[in-house]
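The structure file run13.csv is reproduced below (CSV, C-alpha atoms and all ligand atoms).
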chain,number,residue,atom,x,y,z
A,1,MET,CA,-6.2,-32.8,-8.9
A,2,MET,CA,-6.2,-31.1,-5.5
A,3,SER,CA,-9.4,-31.0,-3.6
A,4,LYS,CA,-11.0,-27.5,-3.6
A,5,SER,CA,-11.9,-25.7,-0.4
A,6,PHE,CA,-14.7,-23.2,0.1
A,7,ALA,CA,-16.0,-21.2,3.0
A,8,VAL,CA,-18.6,-18.7,4.2
A,9,ILE,CA,-17.2,-16.0,6.5
A,10,GLY,CA,-19.2,-13.8,8.8
A,11,ASP,CA,-20.2,-13.4,12.5
A,12,PRO,CA,-22.4,-15.0,13.7
A,13,ILE,CA,-21.9,-17.9,11.4
A,14,ASP,CA,-22.9,-21.0,13.5
A,15,HIS,CA,-26.4,-21.2,12.0
A,16,SER,CA,-25.4,-20.6,8.4
A,17,LEU,CA,-27.0,-23.0,6.0
A,18,SER,CA,-24.5,-22.4,3.2
A,19,PRO,CA,-22.3,-25.3,4.2
A,20,ASN,CA,-25.3,-27.7,4.0
A,21,ILE,CA,-26.4,-26.4,0.6
A,22,HIS,CA,-22.9,-26.4,-1.0
A,23,SER,CA,-21.9,-29.8,0.5
A,24,ALA,CA,-25.1,-31.3,-0.9
A,25,ALA,CA,-24.2,-30.0,-4.3
A,26,PHE,CA,-20.7,-31.4,-4.1
A,27,ARG,CA,-22.1,-34.8,-3.2
A,28,GLU,CA,-24.7,-34.7,-6.0
A,29,MET,CA,-22.0,-33.8,-8.6
A,30,SER,CA,-19.3,-36.0,-7.1
A,31,LEU,CA,-17.0,-33.0,-6.7
A,32,ASP,CA,-13.9,-33.4,-4.5
A,33,SER,CA,-14.6,-30.2,-2.6
A,34,SER,CA,-15.3,-29.0,0.9
A,35,TYR,CA,-17.2,-26.0,2.4
A,36,ILE,CA,-16.9,-24.7,5.9
A,37,ALA,CA,-18.3,-21.9,8.0
A,38,TYR,CA,-15.5,-19.7,9.3
A,39,ARG,CA,-16.3,-17.1,12.0
A,40,ILE,CA,-14.4,-13.8,11.4
A,41,PRO,CA,-15.4,-11.1,13.9
A,42,LYS,CA,-15.8,-7.5,12.9
A,43,GLY,CA,-12.4,-5.8,12.8
A,44,GLU,CA,-10.5,-9.0,12.0
A,45,LEU,CA,-11.4,-9.3,8.3
A,46,GLU,CA,-8.0,-8.5,6.9
A,47,GLU,CA,-6.2,-11.2,8.9
A,48,GLY,CA,-9.1,-13.6,8.2
A,49,ILE,CA,-8.6,-13.1,4.4
A,50,GLU,CA,-4.8,-13.6,4.7
A,51,GLY,CA,-5.5,-16.9,6.4
A,52,LEU,CA,-7.9,-18.0,3.7
A,53,LYS,CA,-5.3,-17.1,1.0
A,54,LYS,CA,-2.7,-19.2,2.9
A,55,ILE,CA,-4.8,-22.3,2.7
A,56,LYS,CA,-5.4,-21.6,-1.0
A,57,ILE,CA,-9.2,-21.2,-0.6
A,58,TYR,CA,-10.8,-21.6,-4.0
A,59,GLY,CA,-13.7,-19.4,-3.2
A,60,PHE,CA,-15.8,-18.0,-0.4
A,61,ASN,CA,-19.1,-16.4,0.5
A,62,ILE,CA,-19.4,-13.3,2.7
A,63,THR,CA,-22.2,-12.5,5.0
A,64,ILE,CA,-23.0,-10.1,7.8
A,65,PRO,CA,-21.1,-7.9,8.8
A,66,HIS,CA,-18.4,-8.0,6.1
A,67,LYS,CA,-20.3,-7.6,2.8
A,68,ILE,CA,-19.2,-3.9,2.4
A,69,GLU,CA,-15.8,-3.9,4.1
A,70,MET,CA,-14.8,-6.9,1.9
A,71,MET,CA,-14.9,-4.6,-1.2
A,72,GLN,CA,-11.5,-3.1,-0.3
A,73,TYR,CA,-9.7,-6.5,-0.3
A,74,LEU,CA,-10.8,-7.3,-3.9
A,75,ASP,CA,-8.5,-7.2,-6.8
A,76,LYS,CA,-11.3,-7.3,-9.3
A,77,MET,CA,-15.1,-7.3,-9.3
A,78,ASP,CA,-18.0,-7.9,-11.6
A,79,GLU,CA,-20.6,-5.3,-12.6
A,80,ALA,CA,-23.3,-6.2,-10.0
A,81,CYS,CA,-20.7,-6.0,-7.2
A,82,SER,CA,-19.5,-2.6,-8.1
A,83,LEU,CA,-23.0,-1.3,-8.7
A,84,ILE,CA,-24.3,-2.5,-5.4
A,85,GLY,CA,-21.2,-1.7,-3.4
A,86,ALA,CA,-21.3,-5.0,-1.6
A,87,VAL,CA,-19.8,-8.4,-2.2
A,88,ASN,CA,-21.1,-11.9,-1.2
A,89,THR,CA,-19.1,-14.2,-3.4
A,90,VAL,CA,-15.3,-14.3,-4.1
A,91,THR,CA,-13.1,-16.4,-6.3
A,92,ASN,CA,-9.4,-16.8,-5.6
A,93,LYS,CA,-7.1,-17.4,-8.5
A,94,ASP,CA,-3.5,-17.6,-7.3
A,95,GLY,CA,-4.1,-14.9,-4.7
A,96,ILE,CA,-6.1,-12.7,-7.0
A,97,LEU,CA,-9.5,-12.1,-5.4
A,98,LYS,CA,-12.5,-11.4,-7.7
A,99,GLY,CA,-15.8,-10.3,-6.1
A,100,TYR,CA,-19.3,-10.9,-7.3
A,101,ASN,CA,-22.7,-10.1,-5.9
A,102,THR,CA,-25.1,-13.0,-6.4
A,103,ASP,CA,-27.8,-11.5,-4.1
A,104,MET,CA,-29.3,-9.5,-6.9
A,105,ASP,CA,-29.8,-12.5,-9.2
A,106,GLY,CA,-30.6,-14.7,-6.2
A,107,PHE,CA,-33.5,-12.3,-5.4
A,108,LEU,CA,-34.8,-12.3,-8.9
A,109,GLU,CA,-34.6,-16.1,-9.4
A,110,PRO,CA,-37.8,-17.1,-7.6
A,111,LEU,CA,-39.8,-14.5,-9.6
A,112,LYS,CA,-38.4,-15.9,-12.8
A,113,LYS,CA,-39.0,-19.5,-11.8
A,114,ARG,CA,-42.7,-18.5,-11.3
A,115,LYS,CA,-42.7,-16.7,-14.7
A,116,LEU,CA,-43.9,-13.5,-13.0
A,117,VAL,CA,-43.7,-10.4,-15.2
A,118,ILE,CA,-42.6,-7.6,-13.0
A,119,ALA,CA,-41.7,-4.9,-15.5
A,120,ASN,CA,-44.0,-1.9,-14.9
A,121,SER,CA,-45.0,-3.1,-11.4
A,122,LYS,CA,-45.3,-0.8,-8.4
A,123,VAL,CA,-43.0,-2.0,-5.7
A,124,LEU,CA,-43.1,-1.3,-1.9
A,125,LEU,CA,-39.8,-2.2,-0.4
A,126,ILE,CA,-39.6,-2.3,3.4
A,127,GLY,CA,-36.1,-1.7,4.7
A,128,ALA,CA,-33.0,0.1,3.4
A,129,GLY,CA,-30.0,-2.0,4.6
A,130,GLY,CA,-27.4,-3.9,2.7
A,131,ALA,CA,-29.8,-6.5,1.3
A,132,ALA,CA,-32.2,-3.8,0.1
A,133,ARG,CA,-29.5,-2.3,-2.1
A,134,ALA,CA,-29.1,-5.6,-4.0
A,135,ILE,CA,-32.9,-5.8,-4.3
A,136,VAL,CA,-33.2,-2.3,-5.7
A,137,ALA,CA,-30.5,-3.1,-8.3
A,138,GLY,CA,-32.6,-6.2,-9.2
A,139,PHE,CA,-35.7,-4.2,-9.7
A,140,ALA,CA,-33.8,-1.7,-11.8
A,141,LYS,CA,-32.6,-4.5,-14.0
A,142,GLU,CA,-36.2,-5.7,-14.4
A,143,LYS,CA,-37.4,-2.1,-15.1
A,144,VAL,CA,-40.3,-1.9,-12.6
A,145,LYS,CA,-42.5,1.2,-12.8
A,146,SER,CA,-41.7,2.6,-9.4
A,147,ILE,CA,-40.3,1.7,-6.0
A,148,THR,CA,-41.4,3.2,-2.7
A,149,ILE,CA,-38.9,2.6,0.1
A,150,ALA,CA,-40.4,2.4,3.6
A,151,ASN,CA,-37.9,2.4,6.3
A,152,ARG,CA,-37.8,3.0,10.1
A,153,THR,CA,-35.1,5.6,9.7
A,154,LEU,CA,-36.2,8.0,7.0
A,155,GLU,CA,-32.6,9.1,6.4
A,156,ASN,CA,-31.4,5.6,5.4
A,157,GLY,CA,-34.5,5.2,3.2
A,158,ASN,CA,-33.7,8.6,1.5
A,159,ARG,CA,-30.2,7.4,0.7
A,160,LEU,CA,-31.4,4.2,-0.8
A,161,SER,CA,-34.0,6.1,-2.8
A,162,GLU,CA,-31.3,8.3,-4.2
A,163,PHE,CA,-29.4,5.2,-5.3
A,164,ALA,CA,-32.6,3.9,-6.9
A,165,LYS,CA,-33.0,7.1,-8.9
A,166,MET,CA,-29.3,7.1,-9.9
A,167,ILE,CA,-29.7,3.7,-11.5
A,168,GLY,CA,-32.8,4.8,-13.4
A,169,LEU,CA,-35.8,4.0,-11.2
A,170,ASN,CA,-38.8,6.1,-10.2
A,171,SER,CA,-38.4,6.2,-6.4
A,172,ASN,CA,-39.6,7.8,-3.2
A,173,SER,CA,-38.9,7.3,0.4
A,174,ILE,CA,-41.3,7.2,3.4
A,175,GLU,CA,-41.3,6.1,7.0
A,176,ILE,CA,-42.7,2.7,7.8
A,177,LYS,CA,-45.5,4.1,9.9
A,178,GLN,CA,-46.7,6.1,6.9
A,179,VAL,CA,-47.5,2.9,5.0
A,180,LYS,CA,-50.7,2.4,7.1
A,181,ASP,CA,-53.3,0.8,4.9
A,182,THR,CA,-51.7,1.6,1.5
A,183,ALA,CA,-50.1,-1.9,0.9
A,184,LYS,CA,-53.0,-2.7,-1.4
A,185,ASP,CA,-51.8,0.0,-3.8
A,186,TYR,CA,-48.7,-2.0,-4.7
A,187,ASP,CA,-48.1,-5.0,-7.0
A,188,ILE,CA,-45.1,-6.3,-5.1
A,189,ILE,CA,-44.3,-5.9,-1.4
A,190,VAL,CA,-40.9,-7.0,-0.1
A,191,ASN,CA,-39.7,-7.2,3.5
A,192,SER,CA,-35.9,-6.7,3.5
A,193,THR,CA,-35.6,-5.9,7.2
A,194,SER,CA,-34.7,-8.5,9.8
A,195,VAL,CA,-38.1,-8.2,11.4
A,196,GLY,CA,-39.6,-11.7,11.6
A,197,LEU,CA,-36.4,-13.4,12.5
A,198,ARG,CA,-37.5,-13.4,16.2
A,199,ASN,CA,-41.1,-14.2,15.3
A,200,GLU,CA,-42.2,-10.5,15.5
A,201,PRO,CA,-45.5,-9.6,14.0
A,202,SER,CA,-45.5,-8.2,10.5
A,203,ILE,CA,-44.1,-4.7,10.3
A,204,ILE,CA,-46.9,-3.4,8.1
A,205,SER,CA,-50.6,-4.2,7.5
A,206,LEU,CA,-51.4,-6.2,4.4
A,207,GLN,CA,-55.0,-5.2,4.5
A,208,GLY,CA,-56.7,-5.1,1.0
A,209,ILE,CA,-54.0,-7.0,-0.9
A,210,ASN,CA,-55.3,-9.7,-3.2
A,211,GLU,CA,-54.4,-12.9,-5.1
A,212,LYS,CA,-52.4,-10.9,-7.6
A,213,THR,CA,-50.2,-9.2,-5.1
A,214,ILE,CA,-46.7,-10.6,-4.8
A,215,VAL,CA,-45.4,-10.8,-1.2
A,216,TYR,CA,-41.8,-11.5,-0.7
A,217,ASP,CA,-40.0,-11.9,2.6
A,218,ILE,CA,-36.3,-12.2,2.7
A,219,VAL,CA,-36.3,-13.5,6.3
A,220,TYR,CA,-35.9,-17.3,5.8
A,221,MET,CA,-35.9,-18.5,9.4
A,222,PRO,CA,-38.6,-19.1,10.4
A,223,MET,CA,-39.9,-20.1,7.0
A,224,ASN,CA,-43.5,-18.9,7.8
A,225,THR,CA,-43.0,-15.5,9.2
A,226,ASP,CA,-46.1,-13.5,10.4
A,227,PHE,CA,-45.7,-11.4,7.2
A,228,ILE,CA,-45.9,-14.5,5.1
A,229,LYS,CA,-48.8,-15.9,7.1
A,230,LYS,CA,-50.8,-12.7,6.6
A,231,ALA,CA,-50.1,-12.8,2.9
A,232,LYS,CA,-51.3,-16.3,2.6
A,233,GLU,CA,-54.5,-15.4,4.4
A,234,LYS,CA,-55.2,-13.0,1.5
A,235,ASN,CA,-54.2,-15.7,-1.1
A,236,ALA,CA,-51.4,-13.5,-2.3
A,237,ILE,CA,-48.5,-14.9,-4.4
A,238,VAL,CA,-45.9,-15.7,-1.6
A,239,ILE,CA,-42.2,-16.0,-2.1
A,240,TYR,CA,-40.1,-17.3,0.8
A,241,GLY,CA,-36.8,-16.1,2.1
A,242,TYR,CA,-35.2,-19.5,1.6
A,243,GLU,CA,-35.8,-19.1,-2.1
A,244,MET,CA,-33.5,-16.1,-2.3
A,245,LEU,CA,-30.9,-17.9,-0.2
A,246,LEU,CA,-31.0,-20.8,-2.6
A,247,GLY,CA,-30.9,-18.5,-5.6
A,248,GLN,CA,-27.7,-16.7,-4.5
A,249,ALA,CA,-26.1,-20.1,-3.6
A,250,VAL,CA,-26.9,-21.5,-7.0
A,251,ARG,CA,-25.3,-18.5,-8.8
A,252,ALA,CA,-22.2,-18.8,-6.5
A,253,PHE,CA,-21.9,-22.5,-7.3
A,254,GLU,CA,-22.0,-21.7,-11.0
A,255,ILE,CA,-19.4,-19.0,-10.8
A,256,TRP,CA,-17.0,-21.4,-8.9
A,257,HIS,CA,-17.6,-24.6,-10.8
A,258,GLY,CA,-18.6,-23.4,-14.2
A,259,VAL,CA,-21.4,-26.0,-14.5
A,260,GLU,CA,-25.1,-25.8,-13.9
A,261,ALA,CA,-25.9,-26.2,-10.2
A,262,PRO,CA,-27.9,-29.2,-8.9
A,263,TYR,CA,-30.9,-27.0,-7.8
A,264,ASN,CA,-33.1,-29.8,-6.4
A,265,ALA,CA,-30.3,-31.3,-4.3
A,266,MET,CA,-29.4,-27.9,-2.9
A,267,LYS,CA,-33.1,-27.1,-2.2
A,268,LYS,CA,-33.5,-30.4,-0.4
A,269,ALA,CA,-30.4,-29.8,1.8
A,270,LEU,CA,-31.6,-26.3,2.6
A,271,LEU,CA,-35.1,-27.4,3.6
A,272,GLY,CA,-33.7,-30.2,5.6
A,273,GLY,CA,-31.9,-27.5,7.7
A,274,PHE,CA,-35.2,-26.2,9.0
B,1,LIG,P1,-29.0,-6.3,6.0
B,1,LIG,O1,-27.6,-6.1,5.5
B,1,LIG,O2,-29.4,-7.7,6.3
B,1,LIG,O3,-30.0,-5.6,5.1
B,1,LIG,P2,-28.9,-4.0,7.7
B,1,LIG,O4,-28.0,-3.4,6.7
B,1,LIG,O5,-28.5,-4.0,9.2
B,1,LIG,O6,-29.1,-5.6,7.4
B,1,LIG,O7,-30.3,-3.4,7.5
B,1,LIG,C1,-31.3,-3.7,8.4
B,1,LIG,C2,-32.7,-3.1,7.9
B,1,LIG,O8,-33.7,-3.6,8.8
B,1,LIG,C3,-32.7,-1.6,8.0
B,1,LIG,O9,-33.6,-1.1,7.0
B,1,LIG,C4,-33.3,-1.3,9.4
B,1,LIG,O10,-33.9,-0.1,9.5
B,1,LIG,P3,-33.1,1.2,10.0
B,1,LIG,O11,-32.5,1.8,8.8
B,1,LIG,O12,-34.1,2.1,10.6
B,1,LIG,O13,-32.1,0.7,11.0
B,1,LIG,C5,-34.3,-2.4,9.4
B,1,LIG,N1,-34.7,-2.9,10.8
B,1,LIG,C6,-34.0,-3.6,11.6
B,1,LIG,N2,-34.6,-3.8,12.8
B,1,LIG,C7,-35.8,-3.2,12.6
B,1,LIG,C8,-37.0,-3.0,13.5
B,1,LIG,N3,-37.1,-3.6,14.7
B,1,LIG,N4,-38.0,-2.3,13.0
B,1,LIG,C9,-38.0,-1.7,11.8
B,1,LIG,N5,-36.9,-1.8,11.0
B,1,LIG,C10,-35.8,-2.5,11.4
Could the structure of this file be written out as structure tokens, please?
Ligand code: ATR
Amino acid sequence: MMSKSFAVIGDPIDHSLSPNIHSAAFREMSLDSSYIAYRIPKGELEEGIEGLKKIKIYGFNITIPHKIEMMQYLDKMDEACSLIGAVNTVTNKDGILKGYNTDMDGFLEPLKKRKLVIANSKVLLIGAGGAARAIVAGFAKEKVKSITIANRTLENGNRLSEFAKMIGLNSNSIEIKQVKDTAKDYDIIVNSTSVGLRNEPSIISLQGINEKTIVYDIVYMPMNTDFIKKAKEKNAIVIYGYEMLLGQAVRAFEIWHGVEAPYNAMKKALLGGF
């Protein structure tokens, strides 16, 4: 059988950990496959996709800035992908591209692993970008009680809040600065912005939260963001960004290979990348 090729496309892509994670899985499962990082700048997606088809790519992941634009090059898509309006995983069957969004299940996976029951929880979601949309869809699936979206730009928050309502959630939108000392009123607090990536201080105060509060940061580099550190000081239940990254990779692996992913080998490779 021919060896299978995979890729992650985006820009910047040099520091992507996806090649490490998937290559470790191939080794663990003795699969004759390879996975590379392929830089496709904004505005060059169509040509990039043609190139991938020419080399008979078996599947690929999509990251910033192409997750939304990629939608128009798909021939088919799954439910999560069409609901969220963004794609992060594609299969190629004889030139027919099918899109999936594994960010939603990838986000939920660490919560499930800890057996946390989140139905009826009050959620504070910071940020309203592409990642936030998949997260909102995940919370809708789990039927949380309400979701407050706190964003720097109110308009973007309002738009995401409308989406949340459309898919059946109780939702409202505020500006980040309005959060003040209200974090303690929520059961789950998620940072879906890029704040922390450059070691910035936490974007909100976590004053008053306790050991039952779930604090989830989707920033995975550095692993211990200031937001995570502040949550730990309060003994909150902490979920790291790398766990979502791992969750989406595990789901993508299973879509492509049709077998259970070697979670521990993938986790080890990911953590080795830090
Ligand atoms: P992604 O696809 O990774 O979610 P994105 O779509 O660019 O990235 O979204 C970035 C999110 O981080 C947005 O909610 C953005 O807020 P705005 O809607 O106001 O732009 C937020 N964000 C980025 N940098 C920020 C900063 N320095 N302070 C506050 N919010 C920030």
Shell around range 50-63 of chain A at 7 Å using all atoms listed in the file, local window under 6 positions removed, as a list in words: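 Skipping anything fewer than 6 positions along the chain leaves Lys4, Ser5, Phe6, Ala7, Val8, Ile9, Gly10, Val87, Asn88, Thr89, Val90, Thr91, Asn92, Gly95 and Trp256 of chain A.
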Work out how far CA of Asp217 in chain A is from CA of Tyr240 in chain A, in Å to one decimal.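 A separation of 5.7 Å between them.
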Give me the residues within 12 Å of Leu245 in chain A as an MDAnalysis selection string, counting only C-alpha atoms and dropping any in the same chain fewer than 3 places off. chainID A and resid 16:18 21:22 61 63 88 102:110 131 217:221 223 239:242 248:252 263 266:267 270:271
Can those selected residues be exported to a file as a short mmCIF file (atom, residue, chain, number, x, y, z; two decimals), keeping the file's coordinate frame so that it contains C-alpha atoms?
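Once everything was written out, this is again-v4.cif:
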data_model
loop_
_atom_site.label_atom_id
_atom_site.label_comp_id
_atom_site.auth_asym_id
_atom_site.auth_seq_id
_atom_site.Cartn_x
_atom_site.Cartn_y
_atom_site.Cartn_z
CA SER A 16 -25.40 -20.60 8.40
CA LEU A 17 -27.00 -23.00 6.00
CA SER A 18 -24.50 -22.40 3.20
CA ILE A 21 -26.40 -26.40 0.60
CA HIS A 22 -22.90 -26.40 -1.00
CA ASN A 61 -19.10 -16.40 0.50
CA THR A 63 -22.20 -12.50 5.00
CA ASN A 88 -21.10 -11.90 -1.20
CA THR A 102 -25.10 -13.00 -6.40
CA ASP A 103 -27.80 -11.50 -4.10
CA MET A 104 -29.30 -9.50 -6.90
CA ASP A 105 -29.80 -12.50 -9.20
CA GLY A 106 -30.60 -14.70 -6.20
CA PHE A 107 -33.50 -12.30 -5.40
CA LEU A 108 -34.80 -12.30 -8.90
CA GLU A 109 -34.60 -16.10 -9.40
CA PRO A 110 -37.80 -17.10 -7.60
CA ALA A 131 -29.80 -6.50 1.30
CA ASP A 217 -40.00 -11.90 2.60
CA ILE A 218 -36.30 -12.20 2.70
CA VAL A 219 -36.30 -13.50 6.30
CA TYR A 220 -35.90 -17.30 5.80
CA MET A 221 -35.90 -18.50 9.40
CA MET A 223 -39.90 -20.10 7.00
CA ILE A 239 -42.20 -16.00 -2.10
CA TYR A 240 -40.10 -17.30 0.80
CA GLY A 241 -36.80 -16.10 2.10
CA TYR A 242 -35.20 -19.50 1.60
CA GLN A 248 -27.70 -16.70 -4.50
CA ALA A 249 -26.10 -20.10 -3.60
CA VAL A 250 -26.90 -21.50 -7.00
CA ARG A 251 -25.30 -18.50 -8.80
CA ALA A 252 -22.20 -18.80 -6.50
CA TYR A 263 -30.90 -27.00 -7.80
CA MET A 266 -29.40 -27.90 -2.90
CA LYS A 267 -33.10 -27.10 -2.20
CA LEU A 270 -31.60 -26.30 2.60
CA LEU A 271 -35.10 -27.40 3.60
#
How would you write as a PyMOL selection string the residues that get within 12 Å of (-52.8, 1.7, 7.8) in the file's frame, counting only C-alpha atoms? chain A and resi 176-185+203-208
Pick the closest to Lys112 in chain A from A:Pro19, A:Gly138, A:Gly168, A:Pro262: which is it, counting only C-alpha atoms?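 Of all the options, A:Gly138 lies closest to Lys112 in chain A.
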One residue among A:His257, A:Lys230, A:Arg133, A:Arg152 is nearest to ligand LIG 1 (chain B) when using all atoms listed in the file, and that residue is A:Arg152
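Distances to ligand LIG 1 (chain B) were evaluated for A:Val195, A:Val144, A:Ile149, A:Val123 using all atoms listed in the file, and the minimum falls at A:Val195.
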Residues within 6 Å of ligand LIG 1 (chain B) should be enumerated using all atoms listed in the file and returned as a VMD selection string. chain A and resid 127 to 132 151 to 153 156 193 to 195
Measure the distance from CA of Ile13 in chain A to CA of Pro65 in chain A in Å and round it to one decimal.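 Calculated distance between CA of Ile13 in chain A and CA of Pro65 in chain A is 10.4 Å.
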Pairwise distance, CA of Ile40 in chain A with CA of Met77 in chain A, equals 21.7 Å
Using only C-alpha atoms, which residues sit within 10 Å of Ser3 in chain A once same-chain residues fewer than 2 positions away are excluded, as a PyMOL selection string? chain A and resi 1+5+31-34+58
For Asn172 in chain A, which of A:Glu155, A:Asp187, A:Asp226, A:Glu243 is the closest residue, counting only C-alpha atoms?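 Selected residue with least distance to Asn172 in chain A: A:Glu155.
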Which is closest to Val215 in chain A among A:Asn20, A:Lys165, A:Leu111, A:Leu154, if we use all atoms listed in the file?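 Under the stated criterion, the closest residue is A:Leu111.
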Could you check the closest approach to Asn264 in chain A for each of A:Lys141, A:Ala24, A:His15, A:Ser121 and tell me which residue wins, using all atoms listed in the file? A:Ala24
Non-local contacts of Met166 in chain A (12 Å; only C-alpha atoms; under 2 positions in same chain excluded) as a VMD selection string: chain A and resid 83 to 84 136 to 137 140 159 to 164 168 to 171
Nearby residues (all atoms listed in the file) at most 8 Å from Asn120 in chain A, same-chain spacing under 2 positions excluded, as JSON, numbers by chain: {"A": [118, 122, 143, 144, 145, 146]}
